[in-house]
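Heads up, work33.cif below (mmCIF, C-alpha atoms):
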data_run
#
loop_
_atom_site.label_atom_id
_atom_site.label_comp_id
_atom_site.auth_asym_id
_atom_site.auth_seq_id
_atom_site.Cartn_x
_atom_site.Cartn_y
_atom_site.Cartn_z
CA MET A 1 -84.98 -39.31 -10.28
CA ALA A 2 -84.47 -36.49 -12.72
CA ARG A 3 -81.09 -34.80 -12.72
CA LYS A 4 -81.03 -31.17 -11.56
CA ILE A 5 -80.21 -28.42 -14.00
CA PRO A 6 -76.53 -27.61 -13.33
CA LYS A 7 -75.75 -24.29 -11.70
CA ILE A 8 -74.07 -21.93 -14.13
CA LYS A 9 -70.57 -21.06 -12.86
CA GLU A 10 -69.20 -17.64 -13.66
CA PRO A 11 -66.42 -17.87 -16.27
CA LEU A 12 -63.23 -15.85 -16.53
CA ILE A 13 -63.05 -13.51 -19.50
CA LEU A 14 -59.61 -13.68 -21.15
CA ASN A 15 -58.97 -11.95 -24.46
CA GLY A 16 -62.77 -11.59 -24.91
CA VAL A 17 -63.32 -15.35 -24.53
CA GLU A 18 -65.32 -17.02 -21.76
CA VAL A 19 -62.92 -19.43 -20.05
CA ARG A 20 -64.53 -22.35 -18.22
CA ASP A 21 -61.66 -24.85 -17.77
CA LEU A 22 -57.86 -25.01 -17.55
CA GLU A 23 -57.44 -25.92 -21.19
CA ASN A 24 -59.36 -22.76 -22.22
CA LEU A 25 -57.32 -20.74 -19.72
CA ARG A 26 -54.03 -21.92 -21.22
CA GLU A 27 -55.24 -21.24 -24.76
CA ASN A 28 -56.31 -17.68 -23.89
CA PHE A 29 -53.69 -16.94 -21.24
CA ASN A 30 -53.40 -13.21 -20.47
CA ILE A 31 -51.10 -12.34 -17.58
CA GLU A 32 -52.45 -8.82 -17.01
CA THR A 33 -56.10 -9.93 -16.78
CA LEU A 34 -55.22 -12.95 -14.62
CA THR A 35 -53.27 -10.68 -12.27
CA GLU A 36 -56.42 -8.58 -11.84
CA TYR A 37 -58.50 -11.72 -11.18
CA PHE A 38 -55.85 -12.81 -8.66
CA ALA A 39 -55.97 -9.45 -6.87
CA ASP A 40 -59.77 -9.48 -6.38
CA GLY A 41 -59.85 -13.21 -5.45
CA LYS A 42 -61.85 -14.30 -8.50
CA LEU A 43 -59.05 -16.52 -9.83
CA VAL A 44 -58.91 -18.65 -6.67
CA ASN A 45 -62.73 -18.83 -6.51
CA TRP A 46 -62.88 -19.87 -10.18
CA LEU A 47 -60.39 -22.68 -9.52
CA ARG A 48 -62.14 -23.90 -6.38
CA ALA A 49 -65.54 -23.85 -8.07
CA ARG A 50 -64.15 -26.30 -10.62
CA TYR A 51 -62.28 -28.40 -8.03
CA TYR A 52 -58.84 -27.51 -9.32
CA GLU A 53 -57.71 -27.84 -5.73
CA ASP A 54 -53.92 -28.12 -6.26
CA GLU A 55 -53.86 -25.07 -8.52
CA ALA A 56 -56.14 -23.10 -6.17
CA GLU A 57 -53.91 -23.83 -3.21
CA LYS A 58 -50.73 -22.77 -5.05
CA VAL A 59 -52.31 -19.58 -6.37
CA ALA A 60 -53.61 -18.68 -2.89
CA GLU A 61 -50.01 -18.81 -1.58
CA LEU A 62 -48.77 -16.21 -4.09
CA VAL A 63 -48.15 -12.59 -3.19
CA LYS A 64 -48.77 -9.96 -5.87
CA GLY A 65 -45.70 -7.84 -6.55
CA ALA A 66 -43.35 -10.35 -5.00
CA PRO A 67 -40.24 -11.38 -6.99
CA GLU A 68 -41.03 -14.10 -9.54
CA PHE A 69 -44.81 -13.64 -9.03
CA ILE A 70 -45.51 -13.75 -12.77
CA ASN A 71 -43.16 -16.66 -13.38
CA LYS A 72 -44.72 -18.68 -10.56
CA LEU A 73 -48.23 -17.97 -11.82
CA CYS A 74 -47.22 -19.15 -15.29
CA GLU A 75 -45.59 -22.24 -13.80
CA ILE A 76 -48.83 -23.19 -11.98
CA PHE A 77 -50.77 -23.09 -15.24
CA GLU A 78 -47.94 -24.71 -17.23
CA VAL A 79 -47.51 -21.87 -19.71
CA GLU A 80 -44.41 -20.00 -20.84
CA PRO A 81 -43.87 -16.65 -19.10
CA PRO A 82 -44.80 -13.72 -21.36
CA VAL A 83 -42.07 -11.91 -23.22
CA ASP A 84 -41.86 -8.22 -22.34
CA GLU A 85 -40.28 -6.39 -25.29
CA ARG A 86 -39.51 -3.39 -23.10
CA GLU A 87 -37.59 -5.61 -20.71
CA ILE A 88 -35.72 -7.27 -23.59
CA ASN A 89 -34.76 -3.89 -25.04
CA TRP A 90 -33.71 -2.65 -21.61
CA ARG A 91 -31.55 -5.75 -21.08
CA ASN A 92 -29.95 -5.43 -24.50
CA GLU A 93 -29.10 -1.79 -23.81
CA ARG A 94 -27.41 -2.81 -20.56
CA LEU A 95 -25.53 -5.56 -22.36
CA GLU A 96 -24.18 -3.13 -24.94
CA LYS A 97 -23.18 -0.76 -22.15
CA LEU A 98 -21.38 -3.57 -20.33
CA LYS A 99 -19.47 -4.47 -23.52
CA ASN A 100 -17.82 -1.05 -23.33
CA PHE A 101 -16.06 -2.30 -20.20
CA THR A 102 -15.41 -5.99 -20.86
CA ASN A 103 -15.54 -8.78 -23.44
CA ASP A 104 -15.51 -11.51 -20.81
CA GLU A 105 -18.36 -13.85 -21.75
CA ASN A 106 -18.78 -15.01 -18.15
CA ILE A 107 -19.39 -11.44 -17.00
CA LEU A 108 -21.65 -10.60 -19.96
CA ALA A 109 -23.79 -13.60 -19.07
CA LYS A 110 -24.28 -12.02 -15.63
CA VAL A 111 -25.60 -8.71 -16.96
CA ASP A 112 -28.68 -8.99 -14.71
CA ASP A 113 -26.36 -8.93 -11.68
CA VAL A 114 -24.46 -5.81 -12.78
CA ALA A 115 -24.85 -2.41 -11.15
CA PHE A 116 -23.86 0.71 -13.10
CA ASN A 117 -24.79 3.11 -10.27
CA GLN A 118 -25.71 3.22 -6.58
CA GLU A 119 -29.45 2.90 -7.22
CA GLU A 120 -28.95 -0.30 -9.21
CA LEU A 121 -26.71 -1.64 -6.44
CA GLY A 122 -29.56 -1.03 -4.03
CA ASP A 123 -31.95 -2.94 -6.28
CA LEU A 124 -29.62 -5.95 -6.43
CA LEU A 125 -29.17 -5.89 -2.66
CA ASP A 126 -32.97 -5.79 -2.24
CA GLU A 127 -33.15 -8.88 -4.44
CA ASN A 128 -30.57 -10.53 -2.14
CA ILE A 129 -28.10 -11.20 -4.97
CA SER A 130 -25.00 -12.66 -3.33
CA GLU A 131 -22.47 -11.98 -6.11
CA ILE A 132 -22.71 -8.47 -7.54
CA TYR A 133 -20.71 -6.90 -10.37
CA LEU A 134 -19.89 -3.21 -9.87
CA CYS A 135 -19.19 -1.49 -13.17
CA GLY A 136 -17.30 1.71 -13.99
CA ASN A 137 -18.44 3.85 -11.09
CA LYS A 138 -18.09 4.59 -7.37
CA PHE A 139 -20.27 2.53 -5.05
CA ILE A 140 -20.86 3.02 -1.34
CA ILE A 141 -20.72 -0.44 0.22
CA PRO A 142 -23.29 -1.04 2.99
CA LEU A 143 -21.38 -2.92 5.68
CA LYS A 144 -24.55 -4.01 7.48
CA THR A 145 -25.52 -6.11 4.45
CA LEU A 146 -23.55 -9.32 5.00
CA ASN A 147 -22.53 -12.29 2.88
CA LYS A 148 -21.77 -10.46 -0.36
CA LYS A 149 -19.07 -10.72 -3.00
CA TYR A 150 -18.40 -7.60 -5.06
CA ILE A 151 -16.58 -7.97 -8.38
CA GLY A 152 -15.19 -4.90 -10.11
CA VAL A 153 -15.55 -4.24 -13.84
CA GLY A 154 -14.01 -1.24 -15.58
CA ASN A 155 -12.13 0.45 -12.73
CA ALA A 156 -15.03 0.38 -10.29
CA VAL A 157 -14.35 1.82 -6.84
CA ALA A 158 -15.77 0.47 -3.58
CA VAL A 159 -16.28 3.34 -1.14
CA ILE A 160 -15.81 2.32 2.49
CA ARG A 161 -16.82 5.02 4.96
CA ARG A 162 -14.71 3.99 7.91
CA LYS A 163 -11.75 5.55 9.69
CA LYS A 164 -10.46 2.17 10.83
CA PRO A 165 -9.83 -1.01 8.80
CA VAL A 166 -12.85 -3.27 8.42
CA ASP A 167 -12.70 -7.01 9.14
CA PHE A 168 -14.44 -8.07 5.94
CA ASP A 169 -13.91 -11.77 6.69
CA ALA A 170 -16.04 -11.45 9.83
CA LEU A 171 -18.80 -9.88 7.70
CA ASN A 172 -18.34 -12.47 4.94
CA ILE A 173 -17.89 -9.62 2.46
CA SER A 174 -15.25 -10.03 -0.23
CA PHE A 175 -13.94 -8.01 -3.15
CA GLU A 176 -12.39 -9.04 -6.45
CA ASN A 177 -10.71 -6.83 -9.05
CA ILE A 178 -11.87 -3.67 -7.32
CA ASN A 179 -10.15 -0.69 -5.73
CA PHE A 180 -11.17 1.11 -2.57
CA ASN A 181 -11.65 4.86 -2.28
CA PRO A 182 -8.37 6.76 -1.60
CA GLU A 183 -9.45 7.66 1.94
CA TYR A 184 -9.92 4.02 2.92
CA GLU A 185 -6.79 2.93 1.05
CA LYS A 186 -4.88 5.44 3.15
CA VAL A 187 -6.42 4.00 6.32
CA LYS A 188 -5.38 0.51 5.24
CA ILE A 189 -1.85 1.54 4.29
CA GLU A 190 -1.24 3.49 7.49
CA MET A 191 -2.62 0.76 9.73
CA GLY A 192 -0.75 -1.95 7.79
CA ALA A 193 2.51 -0.01 8.10
CA GLU A 194 1.97 0.53 11.84
CA LEU A 195 1.25 -3.16 12.42
CA PHE A 196 4.30 -4.10 10.33
CA LYS A 197 6.53 -1.80 12.34
CA ARG A 198 5.31 -3.27 15.63
CA GLY A 199 5.69 -6.78 14.25
CA GLU A 200 9.25 -6.06 13.15
CA GLU A 201 10.10 -4.79 16.64
CA GLU A 202 8.70 -7.97 18.19
CA LEU A 203 10.56 -10.09 15.65
CA ASN A 204 13.86 -8.41 16.50
CA ALA A 205 13.11 -8.99 20.18
CA GLU A 206 12.49 -12.68 19.31
CA ASN A 207 8.86 -12.48 20.46
CA TYR A 208 7.90 -14.60 17.49
CA THR A 209 4.28 -15.42 18.39
CA VAL A 210 3.35 -11.77 18.88
CA ALA A 211 5.28 -10.78 15.73
CA PHE A 212 3.51 -13.44 13.68
CA GLU A 213 0.06 -12.24 14.81
CA LEU A 214 0.90 -8.62 14.02
CA PHE A 215 2.25 -9.55 10.59
CA GLN A 216 -0.92 -11.53 9.87
CA LYS A 217 -3.10 -8.52 10.70
CA ALA A 218 -0.94 -6.31 8.50
CA ALA A 219 -1.00 -8.85 5.67
CA ALA A 220 -4.81 -8.84 5.80
CA LEU A 221 -4.50 -5.12 4.99
CA GLN A 222 -2.36 -6.03 1.96
CA ASN A 223 0.95 -5.02 3.55
CA ALA A 224 3.41 -6.83 1.28
CA GLU A 225 6.37 -6.55 3.67
CA SER A 226 4.39 -8.40 6.34
CA MET A 227 3.50 -11.14 3.87
CA ARG A 228 7.20 -11.52 3.07
CA LEU A 229 8.24 -11.71 6.72
CA ILE A 230 5.55 -14.32 7.44
CA GLY A 231 7.14 -16.29 4.59
CA THR A 232 10.56 -15.80 6.17
CA MET A 233 9.25 -17.03 9.54
CA TYR A 234 7.96 -20.20 7.88
CA GLU A 235 11.24 -20.48 5.98
CA LYS A 236 13.29 -20.35 9.18
CA GLY A 237 10.81 -21.88 11.61
CA LEU A 238 10.57 -18.76 13.77
CA GLY A 239 7.60 -19.20 16.09
CA VAL A 240 5.96 -21.55 13.60
CA SER A 241 6.76 -24.97 12.20
CA LEU A 242 9.28 -24.82 9.39
CA ASP A 243 7.28 -25.06 6.17
CA ASP A 244 8.87 -24.27 2.80
CA LYS A 245 5.59 -24.54 0.91
CA LYS A 246 3.86 -22.00 3.15
CA ALA A 247 6.90 -19.76 2.83
CA VAL A 248 6.49 -19.85 -0.93
CA GLU A 249 2.76 -19.10 -0.65
CA TYR A 250 3.43 -15.94 1.33
CA PHE A 251 6.29 -14.88 -0.95
CA LEU A 252 3.86 -15.27 -3.86
CA ASP A 253 1.24 -13.16 -2.09
CA ALA A 254 3.81 -10.43 -1.40
CA ALA A 255 5.07 -10.58 -4.99
CA LYS A 256 1.52 -9.97 -6.25
CA PHE A 257 1.60 -6.67 -4.39
CA GLY A 258 4.93 -5.70 -5.97
CA ASP A 259 7.41 -6.74 -3.26
CA SER A 260 10.66 -7.12 -5.19
CA LEU A 261 12.47 -8.95 -2.37
CA SER A 262 9.82 -11.69 -2.45
CA MET A 263 10.28 -11.94 -6.22
CA LEU A 264 14.02 -12.36 -5.64
CA TYR A 265 13.39 -15.05 -3.00
CA LEU A 266 11.10 -16.91 -5.41
CA GLY A 267 13.83 -16.82 -8.05
CA ASN A 268 16.31 -18.26 -5.56
CA ARG A 269 13.88 -21.00 -4.54
CA HIS A 270 13.27 -22.05 -8.13
CA ILE A 271 17.03 -22.22 -8.67
CA MET A 272 17.40 -24.48 -5.62
CA GLY A 273 14.09 -26.33 -5.94
CA LYS A 274 13.23 -25.42 -2.36
CA GLY A 275 9.48 -25.50 -1.66
CA VAL A 276 8.92 -25.60 -5.43
CA GLU A 277 10.10 -27.71 -8.32
CA GLN A 278 13.55 -26.75 -9.58
CA ASN A 279 12.97 -24.61 -12.66
CA ASP A 280 15.57 -22.31 -14.22
CA ASN A 281 13.02 -20.66 -16.51
CA ALA A 282 10.77 -19.74 -13.59
CA ALA A 283 13.80 -18.53 -11.64
CA PHE A 284 14.85 -16.23 -14.47
CA ASN A 285 11.30 -14.87 -14.82
CA TRP A 286 11.16 -13.98 -11.12
CA TYR A 287 14.63 -12.42 -11.19
CA GLU A 288 13.65 -10.34 -14.20
CA LYS A 289 10.40 -9.17 -12.54
CA ALA A 290 12.28 -8.19 -9.40
CA ALA A 291 14.93 -6.43 -11.50
CA ALA A 292 12.25 -4.50 -13.39
CA ALA A 293 10.83 -3.49 -10.01
CA GLY A 294 14.19 -1.94 -9.12
CA ASN A 295 15.85 -4.64 -7.01
CA THR A 296 19.58 -4.36 -7.75
CA VAL A 297 20.45 -7.84 -6.43
CA ALA A 298 17.85 -9.25 -8.82
CA MET A 299 19.47 -7.24 -11.62
CA ILE A 300 22.74 -9.02 -10.86
CA MET A 301 21.01 -12.41 -10.80
CA THR A 302 19.31 -11.61 -14.12
CA SER A 303 22.71 -10.75 -15.56
CA ARG A 304 24.17 -14.03 -14.33
CA CYS A 305 21.31 -15.95 -15.95
CA TYR A 306 22.11 -14.25 -19.24
CA GLN A 307 25.84 -14.89 -18.80
CA GLU A 308 25.36 -18.59 -18.04
CA GLY A 309 22.35 -19.18 -20.30
CA LYS A 310 20.37 -20.30 -17.28
CA GLY A 311 16.63 -20.19 -17.93
CA VAL A 312 17.24 -17.92 -20.92
CA TRP A 313 19.38 -17.78 -24.05
CA GLN A 314 22.99 -16.90 -23.26
CA ASP A 315 23.62 -13.22 -24.06
CA ASP A 316 26.66 -11.32 -22.76
CA ASN A 317 25.35 -8.01 -24.05
CA LYS A 318 22.09 -8.29 -22.08
CA ALA A 319 24.07 -9.46 -19.05
CA PHE A 320 26.20 -6.33 -19.33
CA GLY A 321 23.06 -4.19 -19.64
CA TRP A 322 21.62 -5.41 -16.36
CA TYR A 323 24.97 -5.11 -14.57
CA GLU A 324 25.13 -1.52 -15.78
CA LYS A 325 21.62 -0.77 -14.49
CA ALA A 326 22.46 -2.26 -11.08
CA ALA A 327 25.72 -0.29 -10.91
CA GLN A 328 24.00 2.94 -11.90
CA ALA A 329 21.43 2.27 -9.18
CA GLY A 330 24.26 2.21 -6.60
CA ASN A 331 24.99 -1.51 -6.12
CA SER A 332 28.74 -1.71 -5.38
CA THR A 333 28.96 -5.41 -6.27
CA ALA A 334 27.52 -4.61 -9.68
CA MET A 335 30.05 -1.78 -10.03
CA ILE A 336 32.89 -4.27 -9.53
CA ILE A 337 31.38 -6.73 -12.00
CA LEU A 338 30.84 -3.93 -14.51
CA GLY A 339 34.50 -2.97 -14.05
CA ASP A 340 35.43 -6.61 -14.77
CA CYS A 341 33.30 -6.54 -17.93
CA TYR A 342 35.27 -3.53 -19.18
CA SER A 343 38.55 -5.05 -18.00
CA TYR A 344 37.99 -8.31 -19.96
CA GLY A 345 35.76 -7.00 -22.77
CA LYS A 346 32.84 -9.16 -21.67
CA GLY A 347 29.58 -7.94 -23.23
CA THR A 348 31.21 -4.64 -24.13
CA GLU A 349 34.45 -3.25 -25.55
CA LEU A 350 37.64 -3.67 -23.52
CA ASN A 351 38.28 -0.38 -21.71
CA ASP A 352 40.72 -0.25 -18.76
CA GLN A 353 39.91 3.36 -17.98
CA LYS A 354 36.17 2.66 -17.55
CA ALA A 355 37.04 -0.46 -15.56
CA PHE A 356 39.07 1.68 -13.16
CA GLU A 357 36.28 4.28 -12.91
CA TRP A 358 33.76 1.68 -11.82
CA TYR A 359 36.18 0.07 -9.36
CA GLU A 360 36.79 3.51 -7.88
CA LYS A 361 33.06 4.27 -7.56
CA ALA A 362 32.56 0.98 -5.73
CA ALA A 363 35.55 1.72 -3.49
CA ILE A 364 34.26 5.19 -2.64
CA SER A 365 30.91 3.63 -1.69
CA GLY A 366 32.78 1.51 0.87
CA ASN A 367 33.31 -1.81 -0.90
CA ILE A 368 36.51 -3.35 0.50
CA ASP A 369 37.12 -5.63 -2.49
CA ALA A 370 36.85 -2.60 -4.78
CA MET A 371 39.41 -0.74 -2.63
CA MET A 372 41.89 -3.56 -3.23
CA LEU A 373 41.16 -3.49 -6.96
CA VAL A 374 41.76 0.26 -7.10
CA SER A 375 45.04 -0.27 -5.26
CA ASP A 376 46.01 -2.94 -7.82
CA CYS A 377 45.14 -0.61 -10.72
CA TYR A 378 47.38 2.11 -9.31
CA GLN A 379 50.15 -0.44 -8.82
CA GLU A 380 49.91 -1.77 -12.39
CA GLY A 381 49.03 1.56 -13.99
CA LYS A 382 45.96 -0.11 -15.47
CA GLY A 383 43.33 2.40 -16.53
CA VAL A 384 45.08 5.06 -14.48
CA GLU A 385 48.58 6.47 -14.11
CA GLN A 386 50.84 4.33 -11.88
CA ASN A 387 51.03 5.84 -8.39
CA ASN A 388 52.67 4.10 -5.42
CA GLU A 389 51.24 6.57 -2.92
CA LYS A 390 47.72 5.76 -4.11
CA VAL A 391 48.54 2.05 -3.96
CA LEU A 392 49.34 2.38 -0.26
CA GLU A 393 46.48 4.78 0.41
CA TRP A 394 43.80 2.44 -0.95
CA TYR A 395 45.44 -0.61 0.60
CA LEU A 396 45.30 1.03 4.04
CA LYS A 397 41.70 2.13 3.46
CA ALA A 398 40.80 -1.47 2.70
CA ALA A 399 42.66 -2.65 5.78
CA ASP A 400 40.96 -0.06 8.03
CA ALA A 401 37.55 -0.85 6.59
CA GLY A 402 38.15 -4.56 7.10
CA ILE A 403 39.24 -4.05 10.71
CA SER A 404 36.34 -1.73 11.52
CA LYS A 405 33.94 -4.17 9.90
CA LYS A 406 35.18 -6.91 12.23
#
Spit out the file's structure as structure tokens when you get a sec.
Amino acid sequence: MARKIPKIKEPLILNGVEVRDLENLRENFNIETLTEYFADGKLVNWLRARYYEDEAEKVAELVKGAPEFINKLCEIFEVEPPVDEREINWRNERLEKLKNFTNDENILAKVDDVAFNQEELGDLLDENISEIYLCGNKFIIPLKTLNKKYIGVGNAVAVIRRKKPVDFDALNISFENINFNPEYEKVKIEMGAELFKRGEEELNAENYTVAFELFQKAAALQNAESMRLIGTMYEKGLGVSLDDKKAVEYFLDAAKFGDSLSMLYLGNRHIMGKGVEQNDNAAFNWYEKAAAAGNTVAMIMTSRCYQEGKGVWQDDNKAFGWYEKAAQAGNSTAMIILGDCYSYGKGTELNDQKAFEWYEKAAISGNIDAMMLVSDCYQEGKGVEQNNEKVLEWYLKAADAGISKK
């Protein structure tokens, strides 16, 4: 029986060439023309007419305009996606713009996930990007869009339009290296301070469980004092199991937010090796940070480290310098020590008159030991003219202060 004349199947026209099989299609691949053939159904019909069933089925499942449409179409026909020079130039421009804010290679590699303005943030949210970089601008954060991490680049500001603190953990929304708008920061600070105050009242009343919960809520609002007191509760086992390591964790959190007392505590713990490995260098570093933050006790501890060469090179002059700062800041213990430095010429020139002046300042501030030292100076005529009446006067002041203190 004679074979029938085959029916002529309509070809696709790509780049002016009649395409009759997949090999021809790949050789003459044109994404714009194929997209048109896809839209009017001719591409699927062409595939089915040639029994390219797998390809036809995959193409039929595509949606024009959907994300990755072009890439998926190219993948079906096993060709490289076309290079759009406009897109490359646009991306390079964004990359250069991003370099004005950071040199971090990890961030530069994420340039496609960076928003420079609110409109670009909206685009990234529409694409369901889970980790978004906010760069050098103010961005209103949509709280109904859950499960997002926002990373700040170049002093970006996250604007939260709420008059009460937001439970971001419940929304699975997190922020890194980013500040909030002043209005929301004020909300956080005020609420954190209020929760801290209530927690402190409960702590003083020995209602430890309630205090702990209030401190935790305040700590979530970045209240450093609450973080420190949670650490203290773990340190002393107040309402919670005694746990030195957790105490250290909370002291570290508080220190990150500038709490100088927590820095001092961390210095003490490194000296003792309590909850951390014993480390004089680390202790000195924490004392110095706390001292720089204005903590006068830490200034004294920094001085002692310099005096003893503990965690730092021994240096009497630097020790004297920190004692002087603490004394000038009103610490009466430092005033006495500074007086001793002048009395013995330790870290400074020997000067009995200045020694007496510092002892007297400490005594006037109410330090009983300083009152006795002033009395001794008047008795010996050291740094001041000998005066028996003053000897008795300061001795009685010390006695009265000691009695009233008891």
query = Which polymer residues have any atom within 9 Å of an atom of Leu22 in chain A, counting all atoms listed in the file, with same-chain residues fewer than 5 positions away left out, as a PyMOL selection string?
reply = chain A and resi 27+47+52+77
ask   = Which polymer residues have any atom within 12 Å of an atom of Glu201 in chain A, counting only C-alpha atoms, with same-chain residues fewer than 5 positions away left out, as a count of residues only?
value = 11
query = For the atom pair CA of Trp394 in chain A and CA of Ser375 in chain A, what is the interatomic distance in Å to one decimal place?
reply =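 Straight-line distance from CA of Trp394 in chain A to CA of Ser375 in chain A works out to 5.2 Å.
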Picked residues, the PyMOL selection byres ((chain A and resi 244) around 10), as a list in words = Gly231, Thr232, Met233, Tyr234, Glu235, Lys236, Gly237, Ser241, Leu242, Asp243, Lys245, Lys246, Ala247, Val248, Glu249, Arg269, Lys274, Gly275 and Val276 of chain A
inquiry  = With the PyMOL selection byres ((chain A and resi 91) around 12) as the selection, what would be picked from this file? Answer as JSON, numbers by chain, please.
reply    = {"A": [84, 85, 86, 87, 88, 89, 90, 92, 93, 94, 95, 96, 97, 98, 108, 109, 110, 111, 112, 113, 114]}
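Applied to this file, the PyMOL selection byres ((chain A and resi 176-189) around 7) selects A:Tyr150, A:Ile151, A:Gly152, A:Asn155, A:Ala156, A:Val157, A:Ala158, A:Val159, A:Ile160, A:Arg162, A:Lys163, A:Lys164, A:Pro165, A:Ser174, A:Phe175, A:Glu190, A:Met191, A:Gly192, A:Ala193, A:Leu221.
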request  = Find the residue from A:Ala362, A:Met263, A:Met372, A:Ile173 that sits nearest to Lys149 in chain A; use all atoms listed in the file when measuring.
outcome  =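 Of the candidates, the smallest distance to Lys149 in chain A is held by A:Ile173.
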Nearby residues (all atoms listed in the file) at most 10 Å from Ser365 in chain A, same-chain spacing under 3 positions excluded, as a short mmCIF file (atom, residue, chain, number, x, y, z; two decimals) with C-alpha atoms, in the frame of the given file:
data_model
loop_
_atom_site.label_atom_id
_atom_site.label_comp_id
_atom_site.auth_asym_id
_atom_site.auth_seq_id
_atom_site.Cartn_x
_atom_site.Cartn_y
_atom_site.Cartn_z
CA GLY A 330 24.26 2.21 -6.60
CA ASN A 331 24.99 -1.51 -6.12
CA SER A 332 28.74 -1.71 -5.38
CA MET A 335 30.05 -1.78 -10.03
CA TYR A 359 36.18 0.07 -9.36
CA GLU A 360 36.79 3.51 -7.88
CA LYS A 361 33.06 4.27 -7.56
CA ALA A 362 32.56 0.98 -5.73
CA ILE A 368 36.51 -3.35 0.50
CA ALA A 370 36.85 -2.60 -4.78
CA MET A 371 39.41 -0.74 -2.63
#
inquiry  = I'd like to know which of A:Phe168, A:Phe69, A:Tyr323, A:Phe101 is closest to Cys135 in chain A, using all atoms listed in the file.
reply    = A:Phe101
query = Taking into account only C-alpha atoms, which residue in the set A:Gln118, A:Thr302, A:Asn30, A:Gln222 is nearest to Gly258 in chain A?
reply = A:Gln222
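Nearest-residue note for Leu73 in chain A: choosing from A:Glu288, A:Glu277, A:Glu55, A:Glu213, the minimum distance belongs to A:Glu55, counting all atoms listed in the file.
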key: Which residue of A:Asp253, A:Asp400, A:Glu324, A:Asp280 approaches Asn268 in chain A most closely, using all atoms listed in the file   =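 Among the listed residues, A:Asp280 lies closest to Asn268 in chain A.
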Do you know which residues are at most 12 Å from Phe38 in chain A counting only C-alpha atoms, after dropping those on the same chain fewer than 4 positions away, and could you put them as an mmCIF file with C-alpha atoms, in the coordinates of the input?
data_model
loop_
_atom_site.group_PDB
_atom_site.id
_atom_site.type_symbol
_atom_site.label_atom_id
_atom_site.label_comp_id
_atom_site.auth_asym_id
_atom_site.auth_seq_id
_atom_site.Cartn_x
_atom_site.Cartn_y
_atom_site.Cartn_z
ATOM 1 C CA LEU A 12 -63.230 -15.850 -16.530
ATOM 2 C CA ILE A 31 -51.100 -12.340 -17.580
ATOM 3 C CA GLU A 32 -52.450 -8.820 -17.010
ATOM 4 C CA THR A 33 -56.100 -9.930 -16.780
ATOM 5 C CA LEU A 34 -55.220 -12.950 -14.620
ATOM 6 C CA LYS A 42 -61.850 -14.300 -8.500
ATOM 7 C CA LEU A 43 -59.050 -16.520 -9.830
ATOM 8 C CA VAL A 44 -58.910 -18.650 -6.670
ATOM 9 C CA ASN A 45 -62.730 -18.830 -6.510
ATOM 10 C CA TRP A 46 -62.880 -19.870 -10.180
ATOM 11 C CA LEU A 47 -60.390 -22.680 -9.520
ATOM 12 C CA ALA A 56 -56.140 -23.100 -6.170
ATOM 13 C CA LYS A 58 -50.730 -22.770 -5.050
ATOM 14 C CA VAL A 59 -52.310 -19.580 -6.370
ATOM 15 C CA ALA A 60 -53.610 -18.680 -2.890
ATOM 16 C CA GLU A 61 -50.010 -18.810 -1.580
ATOM 17 C CA LEU A 62 -48.770 -16.210 -4.090
ATOM 18 C CA VAL A 63 -48.150 -12.590 -3.190
ATOM 19 C CA LYS A 64 -48.770 -9.960 -5.870
ATOM 20 C CA GLY A 65 -45.700 -7.840 -6.550
ATOM 21 C CA PHE A 69 -44.810 -13.640 -9.030
ATOM 22 C CA ILE A 70 -45.510 -13.750 -12.770
ATOM 23 C CA LEU A 73 -48.230 -17.970 -11.820
#
request  = State, in Å with one decimal place, the distance from CA of Pro81 in chain A to CA of Asp126 in chain A.
outcome  = 22.8 Å
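Between Asn295 in chain A and the candidates A:Asn281, A:His270, A:Leu261, A:Lys148, the tightest atom-to-atom separation, counting only C-alpha atoms, involves A:Leu261.
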key: Point-to-point distance from CA of Thr102 in chain A to CA of Ile132 in chain A, Å rounded to tenths   =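 Computing it gives 15.4 Å between the two atoms.
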